[in-house]
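Shown here: model_17.tsv, TSV, C-alpha atoms.
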chain	number	residue	atom	x	y	z
V	1	MET	CA	-73.92	133.25	-109.01
V	2	ASN	CA	-73.56	136.77	-107.57
V	3	LEU	CA	-69.83	137.17	-107.27
V	4	ALA	CA	-67.26	139.34	-105.49
V	5	PHE	CA	-63.50	139.00	-105.77
V	6	VAL	CA	-61.60	139.17	-102.46
V	7	PHE	CA	-57.87	139.35	-101.80
V	8	PRO	CA	-55.91	138.01	-98.81
V	9	GLY	CA	-53.62	139.91	-96.46
V	10	GLN	CA	-50.44	139.22	-94.56
V	11	GLY	CA	-50.20	135.75	-93.08
V	12	SER	CA	-51.23	134.00	-96.31
V	13	GLN	CA	-47.67	133.93	-97.67
V	14	SER	CA	-45.84	130.63	-98.14
V	15	VAL	CA	-42.73	129.46	-99.95
V	16	GLY	CA	-43.77	128.31	-103.41
V	17	MET	CA	-46.72	130.70	-103.63
V	18	GLY	CA	-47.78	131.35	-107.20
V	19	GLN	CA	-45.23	128.98	-108.69
V	20	ALA	CA	-47.75	126.52	-110.13
V	21	LEU	CA	-49.44	129.40	-111.93
V	22	ALA	CA	-46.10	130.71	-113.19
V	23	ALA	CA	-45.21	127.28	-114.53
V	24	ASP	CA	-48.51	126.95	-116.37
V	25	PHE	CA	-49.28	130.46	-117.62
V	26	VAL	CA	-47.20	133.13	-119.33
V	27	SER	CA	-49.60	135.82	-118.03
V	28	ALA	CA	-48.74	134.88	-114.43
V	29	ARG	CA	-45.01	135.00	-115.20
V	30	ALA	CA	-45.49	138.45	-116.72
V	31	VAL	CA	-47.03	139.76	-113.48
V	32	PHE	CA	-44.16	138.41	-111.38
V	33	GLN	CA	-41.64	139.94	-113.79
V	34	GLU	CA	-43.39	143.31	-113.64
V	35	VAL	CA	-43.25	143.29	-109.83
V	36	ASP	CA	-39.57	142.27	-109.86
V	37	ASP	CA	-38.80	145.09	-112.28
V	38	ALA	CA	-40.79	147.63	-110.26
V	39	LEU	CA	-38.91	146.81	-107.08
V	40	GLY	CA	-35.50	146.07	-108.57
V	41	GLN	CA	-35.62	142.86	-106.57
V	42	ASN	CA	-35.88	139.15	-107.37
V	43	LEU	CA	-39.07	138.88	-105.31
V	44	SER	CA	-40.39	136.04	-107.47
V	45	GLY	CA	-37.28	134.04	-106.61
V	46	LEU	CA	-37.90	134.64	-102.92
V	47	MET	CA	-41.52	133.57	-103.37
V	48	ALA	CA	-40.38	130.41	-105.12
V	49	ASP	CA	-37.50	129.33	-102.92
V	50	GLY	CA	-37.68	131.25	-99.65
V	51	PRO	CA	-36.39	131.27	-97.01
V	52	ILE	CA	-39.74	131.78	-95.31
V	53	GLU	CA	-38.18	134.09	-92.70
V	54	GLU	CA	-37.20	136.56	-95.43
V	55	LEU	CA	-40.46	136.16	-97.34
V	56	THR	CA	-42.42	136.87	-94.14
V	57	LEU	CA	-40.67	140.21	-93.59
V	58	THR	CA	-43.42	142.78	-93.95
V	59	GLU	CA	-41.72	144.65	-96.79
V	60	ASN	CA	-41.51	141.41	-98.82
V	61	ALA	CA	-44.74	139.69	-97.85
V	62	GLN	CA	-46.93	142.63	-98.81
V	63	PRO	CA	-45.85	143.04	-102.47
V	64	ALA	CA	-45.50	139.25	-102.82
V	65	LEU	CA	-49.10	138.63	-101.81
V	66	MET	CA	-50.29	141.34	-104.19
V	67	ALA	CA	-48.24	139.80	-107.00
V	68	CYS	CA	-49.75	136.39	-106.38
V	69	SER	CA	-53.28	137.82	-106.37
V	70	MET	CA	-52.70	139.77	-109.55
V	71	ALA	CA	-51.22	136.71	-111.25
V	72	VAL	CA	-54.50	134.90	-110.56
V	73	MET	CA	-56.50	137.78	-112.00
V	74	ALA	CA	-54.24	137.96	-115.07
V	75	VAL	CA	-54.73	134.26	-115.75
V	76	LEU	CA	-58.49	134.53	-115.29
V	77	GLU	CA	-58.64	137.28	-117.87
V	78	SER	CA	-56.13	135.96	-120.42
V	79	GLU	CA	-56.92	132.25	-120.29
V	80	PHE	CA	-60.55	132.09	-119.20
V	81	GLU	CA	-61.89	135.47	-120.37
V	82	ILE	CA	-63.11	136.32	-116.86
V	83	ALA	CA	-62.64	140.00	-116.03
V	84	VAL	CA	-62.95	141.69	-112.66
V	85	SER	CA	-66.28	143.10	-113.90
V	86	ALA	CA	-67.70	139.57	-113.57
V	87	GLY	CA	-68.00	140.45	-109.89
V	88	GLY	CA	-70.17	143.07	-108.29
V	89	PHE	CA	-67.52	144.16	-105.79
V	90	VAL	CA	-63.87	143.73	-104.85
V	91	ALA	CA	-62.46	143.78	-101.33
V	92	GLY	CA	-59.13	142.97	-99.73
V	93	HIS	CA	-57.95	142.31	-96.20
V	94	SER	CA	-55.49	145.03	-95.09
V	95	LEU	CA	-52.73	144.99	-97.76
V	96	GLY	CA	-55.22	143.00	-99.86
V	97	GLU	CA	-57.09	146.25	-100.39
V	98	TYR	CA	-54.22	147.31	-102.65
V	99	SER	CA	-54.65	144.05	-104.58
V	100	ALA	CA	-58.38	144.76	-104.87
V	101	LEU	CA	-57.71	148.26	-106.17
V	102	CYS	CA	-55.14	146.92	-108.62
V	103	ALA	CA	-57.60	144.29	-109.88
V	104	ALA	CA	-60.26	146.99	-110.29
V	105	GLY	CA	-57.92	149.20	-112.34
V	106	SER	CA	-57.44	151.93	-109.72
V	107	LEU	CA	-53.73	151.19	-109.29
V	108	SER	CA	-51.18	149.80	-111.72
V	109	ILE	CA	-49.27	146.68	-110.70
V	110	THR	CA	-46.03	148.68	-110.71
V	111	ASP	CA	-47.43	151.41	-108.46
V	112	ALA	CA	-49.08	148.89	-106.12
V	113	ALA	CA	-45.79	147.00	-105.73
V	114	LYS	CA	-43.84	150.16	-104.90
V	115	LEU	CA	-46.51	151.41	-102.49
V	116	LEU	CA	-46.66	148.08	-100.68
V	117	LYS	CA	-42.89	147.85	-100.40
V	118	LEU	CA	-42.89	151.31	-98.81
V	119	ARG	CA	-45.91	150.44	-96.66
V	120	GLY	CA	-44.16	147.37	-95.31
V	121	GLN	CA	-40.95	149.27	-94.58
V	122	ALA	CA	-42.81	152.18	-92.97
V	123	MET	CA	-44.93	149.91	-90.77
V	124	GLN	CA	-41.86	148.04	-89.57
V	125	LYS	CA	-39.98	151.27	-88.76
V	126	ALA	CA	-42.94	152.99	-87.06
V	127	VAL	CA	-42.50	151.28	-83.69
V	128	PRO	CA	-39.25	150.00	-82.11
V	129	VAL	CA	-39.14	146.23	-81.77
V	130	GLY	CA	-40.49	145.11	-78.42
V	131	LYS	CA	-42.60	148.22	-77.81
V	132	GLY	CA	-45.79	147.01	-79.42
V	133	THR	CA	-47.63	143.76	-80.05
V	134	MET	CA	-50.94	142.20	-81.10
V	135	ALA	CA	-53.19	139.55	-79.61
V	136	ALA	CA	-56.02	137.36	-80.84
V	137	LEU	CA	-59.18	137.17	-78.77
V	138	LEU	CA	-60.62	133.86	-79.97
V	139	GLY	CA	-64.26	133.34	-79.17
V	140	ALA	CA	-64.76	136.98	-78.18
V	141	ASP	CA	-67.67	139.09	-79.38
V	142	GLU	CA	-67.26	142.82	-79.98
V	143	ASN	CA	-68.61	143.70	-76.52
V	144	LEU	CA	-66.07	141.52	-74.70
V	145	ALA	CA	-63.32	142.83	-76.94
V	146	LEU	CA	-64.26	146.43	-76.18
V	147	GLN	CA	-64.26	145.73	-72.43
V	148	SER	CA	-60.79	144.22	-72.77
V	149	VAL	CA	-59.58	147.18	-74.82
V	150	THR	CA	-60.93	149.59	-72.21
V	151	ALA	CA	-58.86	147.81	-69.55
V	152	GLY	CA	-55.83	147.96	-71.81
V	153	LEU	CA	-56.18	151.69	-72.38
V	154	VAL	CA	-55.30	152.29	-68.73
V	155	GLU	CA	-51.79	151.07	-69.56
V	156	GLY	CA	-51.28	152.57	-73.02
V	157	VAL	CA	-52.38	152.29	-76.63
V	158	CYS	CA	-54.93	149.52	-77.20
V	159	GLN	CA	-57.32	149.16	-80.15
V	160	ILE	CA	-59.30	146.58	-82.06
V	161	ALA	CA	-57.11	146.07	-85.13
V	162	ASN	CA	-58.98	143.38	-87.01
V	163	ASP	CA	-62.62	142.29	-86.73
V	164	ASN	CA	-62.12	139.24	-88.93
V	165	ALA	CA	-65.08	137.00	-88.20
V	166	PRO	CA	-67.40	136.13	-85.32
V	167	GLY	CA	-65.16	134.97	-82.50
V	168	GLN	CA	-61.98	136.17	-84.19
V	169	ILE	CA	-60.95	139.65	-83.10
V	170	VAL	CA	-57.38	140.94	-83.01
V	171	ILE	CA	-56.22	143.81	-80.79
V	172	SER	CA	-53.11	145.93	-81.17
V	173	GLY	CA	-51.12	148.36	-79.05
V	174	SER	CA	-48.31	148.78	-76.55
V	175	VAL	CA	-47.06	145.62	-74.83
V	176	SER	CA	-48.26	146.61	-71.35
V	177	ALA	CA	-51.70	147.58	-72.67
V	178	ILE	CA	-52.13	144.33	-74.60
V	179	ASP	CA	-51.06	142.36	-71.49
V	180	ALA	CA	-53.74	144.18	-69.48
V	181	ALA	CA	-56.36	143.55	-72.16
V	182	ILE	CA	-55.52	139.84	-72.23
V	183	SER	CA	-55.85	139.66	-68.44
V	184	LYS	CA	-59.25	141.38	-68.62
V	185	ALA	CA	-60.44	139.06	-71.37
V	186	GLN	CA	-59.47	136.04	-69.27
V	187	GLU	CA	-61.17	137.57	-66.25
V	188	LEU	CA	-64.33	137.90	-68.36
V	189	GLY	CA	-64.18	134.19	-69.13
V	190	LEU	CA	-62.48	134.12	-72.52
V	191	LYS	CA	-60.55	130.88	-72.83
V	192	LYS	CA	-58.22	131.87	-75.67
V	193	ALA	CA	-56.45	135.21	-75.63
V	194	MET	CA	-52.95	135.01	-76.97
V	195	LYS	CA	-50.23	137.23	-78.33
V	196	LEU	CA	-49.42	136.89	-82.00
V	197	PRO	CA	-45.90	136.42	-83.42
V	198	VAL	CA	-45.85	139.79	-85.19
V	199	SER	CA	-43.04	142.29	-85.52
V	200	ALA	CA	-45.14	145.43	-84.93
V	201	PRO	CA	-48.55	146.57	-83.62
V	202	PHE	CA	-50.37	146.98	-86.93
V	203	HIS	CA	-53.63	148.90	-87.37
V	204	CYS	CA	-53.42	151.04	-84.27
V	205	GLU	CA	-52.41	154.65	-83.57
V	206	MET	CA	-48.80	153.61	-82.95
V	207	MET	CA	-48.60	153.22	-86.75
V	208	GLN	CA	-49.08	156.97	-87.27
V	209	PRO	CA	-45.53	157.46	-88.64
V	210	ALA	CA	-46.33	154.84	-91.29
V	211	ALA	CA	-49.63	156.56	-92.06
V	212	ASP	CA	-47.74	159.82	-92.57
V	213	ALA	CA	-45.31	158.10	-94.95
V	214	MET	CA	-48.18	156.56	-96.91
V	215	GLN	CA	-50.02	159.87	-97.08
V	216	GLU	CA	-46.98	161.43	-98.75
V	217	ALA	CA	-46.54	158.51	-101.16
V	218	LEU	CA	-50.23	158.20	-102.02
V	219	ALA	CA	-50.47	161.94	-102.71
V	220	LYS	CA	-48.14	161.35	-105.66
V	221	ALA	CA	-49.73	158.10	-106.84
V	222	THR	CA	-52.10	157.80	-109.79
V	223	ILE	CA	-55.42	156.43	-108.50
V	224	LEU	CA	-58.27	155.97	-110.96
V	225	PRO	CA	-61.94	155.29	-110.26
V	226	PRO	CA	-62.36	151.50	-109.92
V	227	LYS	CA	-64.16	149.47	-112.58
V	228	VAL	CA	-66.26	147.91	-109.82
V	229	PRO	CA	-66.91	149.28	-106.31
V	230	VAL	CA	-64.22	148.57	-103.72
V	231	ILE	CA	-65.34	147.74	-100.19
V	232	ALA	CA	-63.07	149.82	-97.96
V	233	ASN	CA	-61.54	148.25	-94.85
V	234	VAL	CA	-62.16	151.30	-92.70
V	235	THR	CA	-65.84	151.78	-93.61
V	236	ALA	CA	-67.03	148.33	-94.71
V	237	ARG	CA	-68.90	150.14	-97.47
V	238	PRO	CA	-68.37	150.49	-101.23
V	239	CYS	CA	-66.32	153.32	-102.65
V	240	GLU	CA	-65.82	154.41	-106.26
V	241	ASP	CA	-64.26	157.87	-105.74
V	242	ALA	CA	-60.51	158.04	-106.36
V	243	GLU	CA	-59.82	160.76	-103.80
V	244	ALA	CA	-61.84	158.99	-101.12
V	245	ILE	CA	-59.86	155.82	-101.87
V	246	ARG	CA	-56.61	157.77	-101.44
V	247	SER	CA	-57.61	159.02	-97.98
V	248	GLN	CA	-59.04	155.65	-96.89
V	249	LEU	CA	-55.74	153.94	-97.67
V	250	VAL	CA	-54.01	156.37	-95.31
V	251	GLU	CA	-56.66	155.89	-92.62
V	252	GLN	CA	-56.36	152.13	-93.01
V	253	VAL	CA	-52.80	152.09	-91.61
V	254	THR	CA	-53.96	153.09	-88.13
V	255	GLY	CA	-57.61	152.03	-88.43
V	256	ARG	CA	-59.59	148.87	-87.86
V	257	VAL	CA	-59.88	146.27	-90.61
V	258	ARG	CA	-63.67	145.77	-90.63
V	259	TRP	CA	-63.58	142.48	-92.50
V	260	ARG	CA	-66.57	140.81	-90.83
V	261	GLU	CA	-68.68	143.89	-91.51
V	262	SER	CA	-67.39	144.09	-95.09
V	263	VAL	CA	-68.38	140.49	-95.81
V	264	LEU	CA	-71.79	140.91	-94.23
V	265	TRP	CA	-72.44	144.09	-96.20
V	266	MET	CA	-71.57	142.40	-99.48
V	267	VAL	CA	-73.81	139.43	-98.68
V	268	GLU	CA	-76.75	141.15	-96.98
V	269	GLU	CA	-76.83	144.48	-98.81
V	270	GLY	CA	-74.95	143.70	-102.01
V	271	GLY	CA	-76.60	140.37	-102.73
V	272	ILE	CA	-73.31	138.48	-103.05
V	273	ASP	CA	-73.45	134.71	-102.62
V	274	THR	CA	-69.90	133.77	-103.73
V	275	LEU	CA	-66.55	135.22	-102.67
V	276	ALA	CA	-63.76	134.25	-105.06
V	277	GLU	CA	-60.49	134.48	-103.08
V	278	ALA	CA	-57.77	135.34	-105.59
V	279	GLY	CA	-54.28	134.67	-104.29
V	280	SER	CA	-52.25	132.63	-101.86
V	281	GLY	CA	-54.01	130.30	-99.44
V	282	LYS	CA	-57.63	130.20	-98.34
V	283	VAL	CA	-57.74	132.26	-95.13
V	284	LEU	CA	-60.62	134.47	-96.26
V	285	SER	CA	-62.69	131.50	-97.44
V	286	THR	CA	-62.19	129.87	-94.05
V	287	MET	CA	-63.21	133.04	-92.18
V	288	LEU	CA	-66.30	133.31	-94.40
V	289	LYS	CA	-67.61	130.01	-93.01
V	290	ARG	CA	-67.60	131.54	-89.53
V	291	THR	CA	-69.33	134.71	-90.70
V	292	THR	CA	-72.32	133.62	-92.78
V	293	LYS	CA	-73.89	130.55	-94.33
V	294	ALA	CA	-75.48	132.68	-97.07
V	295	ALA	CA	-72.31	132.74	-99.19
V	296	LYS	CA	-69.54	130.35	-100.15
V	297	GLY	CA	-65.83	130.99	-100.61
V	298	ILE	CA	-63.82	129.71	-103.56
V	299	PRO	CA	-60.02	129.85	-103.28
V	300	LEU	CA	-58.39	130.61	-106.65
V	301	ASN	CA	-54.66	129.91	-106.78
V	302	ALA	CA	-53.95	127.05	-109.22
V	303	ALA	CA	-54.91	125.86	-112.69
V	304	ASP	CA	-57.39	123.23	-111.49
V	305	ASN	CA	-59.45	125.53	-109.30
V	306	LEU	CA	-59.36	128.30	-111.92
V	307	GLU	CA	-60.69	125.85	-114.51
V	308	ALA	CA	-63.43	124.66	-112.15
V	309	PHE	CA	-64.34	128.26	-111.36
V	310	SER	CA	-64.55	129.11	-115.05
V	311	ALA	CA	-66.75	126.09	-115.67
V	312	SER	CA	-69.08	127.10	-112.85
V	313	LEU	CA	-69.49	130.57	-114.37
V	314	ARG	CA	-70.27	129.02	-117.75
V	315	GLY	CA	-72.81	126.74	-116.13
V	316	ASP	CA	-70.82	123.59	-116.93
V	317	ALA	CA	-70.57	122.63	-113.29

Can you give me the file's structure in the form of structure tokens?
Amino acid sequence: MNLAFVFPGQGSQSVGMGQALAADFVSARAVFQEVDDALGQNLSGLMADGPIEELTLTENAQPALMACSMAVMAVLESEFEIAVSAGGFVAGHSLGEYSALCAAGSLSITDAAKLLKLRGQAMQKAVPVGKGTMAALLGADENLALQSVTAGLVEGVCQIANDNAPGQIVISGSVSAIDAAISKAQELGLKKAMKLPVSAPFHCEMMQPAADAMQEALAKATILPPKVPVIANVTARPCEDAEAIRSQLVEQVTGRVRWRESVLWMVEEGGIDTLAEAGSGKVLSTMLKRTTKAAKGIPLNAADNLEAFSASLRGDA
């Protein structure tokens, strides 16, 4: 098994996330306590009991998803003696890149929690509600998406925000521009182009105020070289230089999440055949099935699948 650890982004949150791990493992509870202490907030209680509307707020969802991912990694190491170095790479989708960096030892859990809280707040404040939006172009290839974006640019800001998997591209920008892009996509024959229920137009140039805030915060943050290479969202290539990581995290706020390219690079160039998805849900494992048949995804979020994963690494299964 040639392994990489991957970490989910916003949208994977759910009430009850991480609670089975916390009930079973002291190491998971320690991670949740560290995040609560870092933020001065009972985030673990919100994760456990909701309400989902509050958990889904960007400033809560981002550190919560990181906490859940890091709880998985803590349990793997403490209970199953599986370290991040068991994988050849780490990668995370959008905010999941912070989880990946934390797992690889570049960021502390405390610093990652504080940075993600700020990132969520800054992204929400960057654009007034109702001025920006995002849309999914389902079934679109990059060429059709680019034609749609070009039509949108006539009306305002319009960019590809997420290239998640073949046939799953998300665009972001001003409301009028996204409306124009959707119309163009439908004109080109795309059957499914729909706005997403998001509170801001993430990963486009309208997020520049948030990028500025993160640049200031990241300039003060301690970032160490990762124990294993981190595949950066904005380049879809591995990075091991701390200063490059710092600048890529700033660029990521307004830049495209090149997830499809990242996965294909790990599989085709990095020789990876298994992506272990550490954290809430199984979104990345599902997207992997659309991207390549040369690798499998393994969601890791509860005692039973962690035990099965450990057994597979030992050769017991």

Quote the spacing between CA of Leu153 in chain V and CA of Met194 in chain V in Å to one decimal place.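 Computing the Euclidean distance for CA of Leu153 in chain V and CA of Met194 in chain V yields 17.6 Å.
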
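Between CA of Lys220 in chain V and CA of Glu243 in chain V the separation is 11.8 Å.
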
Determine, counting all atoms listed in the file, which protein, DNA and RNA residues have an atom within 9 Å of an atom of Arg246 in chain V; residues of the same chain fewer than 6 positions away are not included. Present the result as a VMD selection string. chain V and resid 215 218 to 219 221 223

Could those selected residues go to a file with C-alpha atoms, as a short mmCIF file (atom, residue, chain, number, x, y, z; two decimals), in the coordinates of the input?
data_model
loop_
_atom_site.label_atom_id
_atom_site.label_comp_id
_atom_site.auth_asym_id
_atom_site.auth_seq_id
_atom_site.Cartn_x
_atom_site.Cartn_y
_atom_site.Cartn_z
CA GLN V 215 -50.02 159.87 -97.08
CA LEU V 218 -50.23 158.20 -102.02
CA ALA V 219 -50.47 161.94 -102.71
CA ALA V 221 -49.73 158.10 -106.84
CA ILE V 223 -55.42 156.43 -108.50
#

Using all atoms listed in the file, the residue out of V:Leu196, V:Ile182, V:Met123, V:Val170 with shortest distance to Gly152 in chain V is V:Ile182

Counting all atoms listed in the file, figure out which residue out of V:Met70, V:Ala135, V:Met1, V:Ala48 gets nearest to Leu300 in chain V.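 Going through V:Met70, V:Ala135, V:Met1, V:Ala48 one by one, the smallest distance to Leu300 in chain V is for V:Met70.
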
So, with all atoms listed in the file as the atoms that count, which of V:Ala210, V:Ala20, V:Ala145, V:Ala91 lies closest to Leu3 in chain V? V:Ala91

Atom-to-atom span, CA of Leu137 in chain V and CA of Cys158 in chain V, Å: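 Computing it gives 13.2 Å between the two atoms.
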